[in-house]
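Raw contents of coords_24.tsv, TSV, C-alpha atoms:
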chain	number	residue	atom	x	y	z
A	1	ASP	CA	-53.35	-26.47	16.39
A	2	LYS	CA	-54.42	-23.54	14.16
A	3	ALA	CA	-51.86	-21.04	15.55
A	4	SER	CA	-49.03	-23.44	14.90
A	5	SER	CA	-50.32	-24.15	11.41
A	6	ASP	CA	-50.56	-20.42	10.62
A	7	ASN	CA	-47.02	-19.90	11.91
A	8	ASP	CA	-45.74	-22.67	9.65
A	9	ILE	CA	-47.11	-20.70	6.70
A	10	VAL	CA	-46.18	-17.15	7.82
A	11	VAL	CA	-42.51	-17.78	8.71
A	12	PRO	CA	-41.46	-19.18	5.29
A	13	PHE	CA	-43.42	-16.39	3.61
A	14	LYS	CA	-41.58	-13.75	5.69
A	15	ASN	CA	-38.26	-15.38	4.85
A	16	LEU	CA	-39.17	-15.29	1.16
A	17	ILE	CA	-40.04	-11.58	1.40
A	18	ASN	CA	-36.81	-10.79	3.27
A	19	ASP	CA	-34.76	-12.74	0.75
A	20	ALA	CA	-36.34	-10.86	-2.17
A	21	TYR	CA	-35.74	-7.54	-0.39
A	22	CYS	CA	-32.06	-8.33	0.28
A	23	ARG	CA	-31.58	-9.44	-3.33
A	24	ASP	CA	-33.17	-6.22	-4.61
A	25	ILE	CA	-30.98	-4.03	-2.35
A	26	SER	CA	-27.88	-5.94	-3.44
A	27	MET	CA	-28.70	-5.45	-7.14
A	28	LYS	CA	-29.30	-1.72	-6.61
A	29	ILE	CA	-25.98	-1.31	-4.80
A	30	ARG	CA	-24.14	-3.24	-7.51
A	31	SER	CA	-25.80	-1.15	-10.22
A	32	HIS	CA	-24.88	2.08	-8.40
A	33	LEU	CA	-21.25	0.99	-8.05
A	34	ASP	CA	-21.08	0.04	-11.73
A	35	VAL	CA	-22.30	3.53	-12.66
A	36	LYS	CA	-19.49	5.03	-10.59
A	37	ARG	CA	-16.94	2.64	-12.13
A	38	LYS	CA	-18.04	3.54	-15.66
A	39	ASP	CA	-17.70	7.19	-14.71
A	40	GLY	CA	-14.05	6.52	-13.83
A	41	GLN	CA	-14.51	6.91	-10.09
A	42	PHE	CA	-12.32	4.79	-7.82
A	43	ILE	CA	-14.45	2.76	-5.39
A	44	GLY	CA	-11.84	0.54	-3.72
A	45	ASN	CA	-11.15	0.57	0.02
A	46	PHE	CA	-7.45	1.26	-0.52
A	47	ALA	CA	-5.55	2.97	-3.30
A	48	MET	CA	-3.04	0.79	-5.11
A	49	TYR	CA	0.65	1.07	-4.28
A	50	GLY	CA	1.98	4.29	-5.83
A	51	TYR	CA	-1.25	6.19	-5.27
A	52	GLU	CA	-3.39	7.48	-2.44
A	53	LYS	CA	-6.94	8.68	-2.24
A	54	ASP	CA	-7.40	12.37	-2.92
A	55	PRO	CA	-8.14	14.05	0.44
A	56	ASP	CA	-10.74	16.21	-1.35
A	57	ASP	CA	-12.35	13.37	-3.31
A	58	LYS	CA	-12.17	9.77	-2.10
A	59	ASN	CA	-13.14	8.53	-5.58
A	60	HIS	CA	-10.09	10.13	-7.19
A	61	LEU	CA	-6.48	8.92	-7.03
A	62	VAL	CA	-3.42	11.12	-6.59
A	63	ILE	CA	0.23	10.10	-6.79
A	64	ASP	CA	2.10	9.06	-3.67
A	65	LYS	CA	5.50	10.50	-4.59
A	66	TYR	CA	7.67	8.05	-2.61
A	67	ALA	CA	5.85	4.87	-3.68
A	68	ALA	CA	5.57	6.15	-7.27
A	69	GLU	CA	9.36	6.39	-7.47
A	70	VAL	CA	9.60	2.76	-6.34
A	71	VAL	CA	7.10	1.74	-9.04
A	72	GLN	CA	9.19	3.55	-11.66
A	73	MET	CA	12.30	1.78	-10.39
A	74	ILE	CA	10.55	-1.58	-10.72
A	75	PHE	CA	9.65	-0.92	-14.36
A	76	ASP	CA	13.15	0.36	-15.14
A	77	LEU	CA	14.79	-2.71	-13.59
A	78	ARG	CA	12.50	-4.97	-15.61
A	79	LEU	CA	13.46	-3.20	-18.83
A	80	GLU	CA	17.11	-3.66	-17.88
A	81	GLY	CA	16.50	-7.41	-17.92
A	82	CYS	CA	15.93	-8.17	-14.25
A	83	SER	CA	13.40	-10.88	-13.41
A	84	ALA	CA	10.58	-10.25	-10.93
A	85	LEU	CA	12.45	-12.31	-8.34
A	86	ARG	CA	15.67	-10.34	-8.82
A	87	ILE	CA	13.74	-7.06	-8.59
A	88	ALA	CA	12.18	-8.22	-5.31
A	89	GLN	CA	15.62	-9.09	-3.96
A	90	ARG	CA	17.00	-5.72	-5.07
A	91	LEU	CA	14.20	-3.84	-3.30
A	92	ASP	CA	14.88	-5.80	-0.12
A	93	GLU	CA	18.59	-4.98	-0.41
A	94	LEU	CA	17.68	-1.29	-0.59
A	95	GLY	CA	15.52	-1.59	2.51
A	96	ILE	CA	12.32	-0.60	0.70
A	97	GLN	CA	9.18	-1.77	2.48
A	98	PRO	CA	6.77	-3.95	0.47
A	99	PRO	CA	3.37	-2.44	-0.37
A	100	TYR	CA	1.36	-3.88	2.51
A	101	GLU	CA	3.91	-2.86	5.16
A	102	TYR	CA	4.29	0.59	3.62
A	103	LYS	CA	0.53	1.15	3.73
A	104	ARG	CA	0.37	0.04	7.35
A	105	LYS	CA	3.22	2.42	8.15
A	106	CYS	CA	1.20	5.19	6.53
A	107	GLY	CA	-1.57	4.49	9.05
A	108	LEU	CA	-3.88	2.42	6.86
A	109	ASN	CA	-5.57	-0.65	8.33
A	110	PHE	CA	-4.35	-2.71	5.41
A	111	ASN	CA	-4.16	-6.52	5.38
A	112	SER	CA	-2.69	-8.77	2.72
A	113	GLY	CA	-2.54	-12.49	2.13
A	114	PHE	CA	1.16	-12.05	1.37
A	115	ARG	CA	1.94	-10.69	4.84
A	116	SER	CA	4.30	-12.88	6.84
A	117	THR	CA	5.11	-13.16	10.54
A	118	ASP	CA	8.77	-12.88	9.58
A	119	LYS	CA	10.50	-9.70	8.43
A	120	ALA	CA	8.47	-8.21	5.61
A	121	ARG	CA	9.99	-8.90	2.22
A	122	TRP	CA	9.10	-8.20	-1.37
A	123	ARG	CA	7.81	-11.16	-3.35
A	124	ALA	CA	8.00	-11.86	-7.05
A	125	GLU	CA	4.18	-12.05	-7.10
A	126	SER	CA	3.93	-8.50	-5.77
A	127	VAL	CA	6.41	-7.25	-8.36
A	128	ASN	CA	4.55	-9.00	-11.18
A	129	ARG	CA	1.25	-7.54	-9.98
A	130	ILE	CA	2.73	-4.06	-10.30
A	131	LEU	CA	4.33	-4.77	-13.68
A	132	THR	CA	1.03	-5.94	-15.20
A	133	ASP	CA	-1.31	-3.33	-13.72
A	134	GLU	CA	-2.50	-0.90	-16.37
A	135	MET	CA	-3.73	1.50	-13.68
A	136	TYR	CA	-0.19	2.90	-13.59
A	137	THR	CA	-0.73	4.37	-17.06
A	138	GLY	CA	-3.58	6.56	-15.85
A	139	LYS	CA	-6.37	4.14	-16.72
A	140	MET	CA	-9.01	3.22	-14.17
A	141	VAL	CA	-9.41	-0.56	-14.32
A	142	GLN	CA	-12.12	-2.02	-12.09
A	143	GLY	CA	-14.65	-4.83	-11.98
A	144	LYS	CA	-12.00	-7.58	-12.12
A	145	THR	CA	-14.00	-9.71	-9.68
A	146	LYS	CA	-17.62	-10.00	-8.63
A	147	LYS	CA	-19.53	-11.51	-5.72
A	148	VAL	CA	-21.12	-14.89	-6.35
A	149	ASN	CA	-24.33	-13.54	-4.79
A	150	TYR	CA	-25.44	-11.34	-1.93
A	151	LYS	CA	-25.51	-14.24	0.54
A	152	VAL	CA	-21.79	-15.07	0.43
A	153	LYS	CA	-18.64	-12.96	0.48
A	154	LYS	CA	-16.80	-15.13	-2.03
A	155	SER	CA	-15.75	-13.36	-5.25
A	156	ILE	CA	-14.96	-14.87	-8.62
A	157	PRO	CA	-12.76	-13.52	-11.46
A	158	VAL	CA	-14.43	-11.62	-14.28
A	159	ASP	CA	-13.37	-12.17	-17.89
A	160	LYS	CA	-10.89	-9.47	-18.92
A	161	ASN	CA	-13.17	-8.38	-21.77
A	162	ASP	CA	-15.80	-7.46	-19.18
A	163	TRP	CA	-13.55	-5.31	-16.96
A	164	ILE	CA	-14.60	-1.68	-16.67
A	165	VAL	CA	-11.79	0.47	-18.10
A	166	VAL	CA	-11.81	4.28	-18.31
A	167	ASP	CA	-8.89	6.22	-19.78
A	168	ASP	CA	-7.09	9.18	-18.20
A	169	THR	CA	-8.83	9.27	-14.82
A	170	HIS	CA	-5.66	10.03	-12.82
A	171	ASP	CA	-2.04	11.03	-13.37
A	172	ALA	CA	0.11	8.28	-14.86
A	173	ILE	CA	3.21	6.97	-13.10
A	174	ILE	CA	4.31	4.88	-16.10
A	175	SER	CA	3.99	5.90	-19.74
A	176	LYS	CA	1.88	3.71	-22.00
A	177	GLU	CA	4.97	3.03	-24.13
A	178	LYS	CA	7.03	1.79	-21.18
A	179	PHE	CA	4.13	-0.31	-19.91
A	180	GLU	CA	3.69	-1.98	-23.31
A	181	ALA	CA	7.44	-2.64	-23.56
A	182	VAL	CA	7.34	-4.47	-20.23
A	183	GLN	CA	4.30	-6.52	-21.32
A	184	LYS	CA	6.21	-7.60	-24.45
A	185	LEU	CA	9.11	-8.74	-22.27
A	186	GLY	CA	6.67	-10.77	-20.19
A	187	ALA	CA	5.23	-12.40	-23.30
A	188	ILE	CA	8.73	-13.28	-24.55
A	189	ASP	CA	9.60	-14.81	-21.18
A	190	ALA	CA	6.41	-16.87	-21.25
A	191	VAL	CA	7.26	-18.25	-24.69
A	192	ARG	CA	10.80	-19.07	-23.58
A	193	ALA	CA	9.51	-20.82	-20.45
A	194	ALA	CA	7.07	-22.88	-22.53
A	195	ALA	CA	9.84	-23.82	-24.98
A	196	THR	CA	12.14	-24.83	-22.12
A	197	GLU	CA	9.42	-27.01	-20.61
A	198	ALA	CA	8.74	-28.60	-23.99
A	199	ASN	CA	12.44	-29.35	-24.50
A	200	ARG	CA	12.64	-30.84	-21.03
A	201	GLY	CA	9.74	-33.15	-21.86
A	202	LEU	CA	11.34	-34.12	-25.16
A	203	ASN	CA	14.62	-34.94	-23.45
A	204	VAL	CA	12.81	-37.21	-21.02
A	205	ILE	CA	11.15	-39.05	-23.90
A	206	LEU	CA	14.50	-39.45	-25.71
A	207	ASP	CA	16.18	-40.73	-22.54
A	208	VAL	CA	13.45	-43.32	-22.07
A	209	ALA	CA	13.71	-44.34	-25.72
A	210	GLU	CA	17.49	-44.80	-25.41
A	211	MET	CA	17.05	-46.92	-22.30
A	212	HIS	CA	14.67	-49.25	-24.10
A	213	ALA	CA	16.90	-49.32	-27.18
A	214	GLY	CA	19.83	-50.36	-25.01
What does the file become when written as structure tokens?
Amino acid sequence: DKASSDNDIVVPFKNLINDAYCRDISMKIRSHLDVKRKDGQFIGNFAMYGYEKDPDDKNHLVIDKYAAEVVQMIFDLRLEGCSALRIAQRLDELGIQPPYEYKRKCGLNFNSGFRSTDKARWRAESVNRILTDEMYTGKMVQGKTKKVNYKVKKSIPVDKNDWIVVDDTHDAIISKEKFEAVQKLGAIDAVRAAATEANRGLNVILDVAEMHAG
């Protein structure tokens, strides 16, 4: 009948209008957040390990003295030649809580994919994340991921060249010189690992060749 026919037209039209409205709101929110990022304002839900949100300004980071000392220890141990795994083991030996457990202890409703049902332990991945995070030098680095679209929660990585980086937005825990020294160590380790893997592959080829020659 006519009422049913009209409804068949109106409902899709309303859905189209609602979809356009939601898309417009999402773009405005994203644009607003990008303005704050470019202004050097922190917009994350939780401050990174070593920092906490300024009680007087939630968009500003201040140093968490205890956690900052742990971060400094991590960088120092790396410069002494310890691997990320060995650093994680050392922190466990000292009874230092990993970041996610420490934040929960501080009263934050913090969840992490690295959290285990067993006794909380440091992981090499967590150590490496700290060692490669330029935020510790006083830079605000944001926009590393972005939502696929407003309809889904899934985020995708953003090319490093498109990250939003603002210098000197908060007090540094690690000097730029120390940070760069650690990055050089990481690059050297990566080259060594690649060379080791290449040699392993070559040895396999030579072993196979000897077998056939025999």
- Got a sec: who's within 8 Å of Ala68 of chain A, counting only C-alpha atoms, leaving out chain neighbours fewer than 4 positions off, as an MDAnalysis selection string? chainID A and resid 49:51 63:64 72 173
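Taking atom CA of Ile96 of chain A and atom CA of Arg123 of chain A as endpoints, the distance between them is 12.2 Å.
Excluding Ser175 of chain A itself and any same-chain residue fewer than 5 positions from it, the protein and nucleic acid residues within 9 Å of it, counting only C-alpha atoms, are Tyr136, Thr137, Gly138 and Glu180 of chain A.
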Those residues you just picked out, can you put them in a file as a compact mmCIF listing (two decimals), in the coordinates of the input with C-alpha atoms?
# COMPACT_ATOMS: atom_id res chain seq x y z
CA TYR A 136 -0.19 2.90 -13.59
CA THR A 137 -0.73 4.37 -17.06
CA GLY A 138 -3.58 6.56 -15.85
CA GLU A 180 3.69 -1.98 -23.31
- Message: Nearest residue to Asn59 of chain A out of A:Ala187, A:Ile74, A:Leu33, A:Ile43, using all atoms listed in the file?
- Response: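 That would be A:Ile43, the residue with the smallest distance to Asn59 of chain A.
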- Message: Around (10.9, -7.7, -3.8), as given in the file, which residues come within 6 Å? Count only C-alpha atoms and list them as a list in words.
- Response: Ile87, Ala88, Gln89, Leu91, Asp92, Trp122 and Arg123 of chain A
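You will find atom CA of Thr169 of chain A at 17.4 Å from atom CA of Lys144 of chain A.
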- Task: Using all atoms listed in the file, pick whichever of A:Val165, A:Val62, A:Val71, A:Ile17 has the shortest atom-to-atom distance to Asp34 of chain A.
- Result: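 Of A:Val165, A:Val62, A:Val71, A:Ile17, the one nearest Asp34 of chain A, counting all atoms listed in the file, is A:Val165.
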- Of the listed residues A:Gly44, A:Pro99, A:Pro55, A:Gly143, that which approaches Trp163 of chain A most closely, counting all atoms listed in the file: A:Gly143
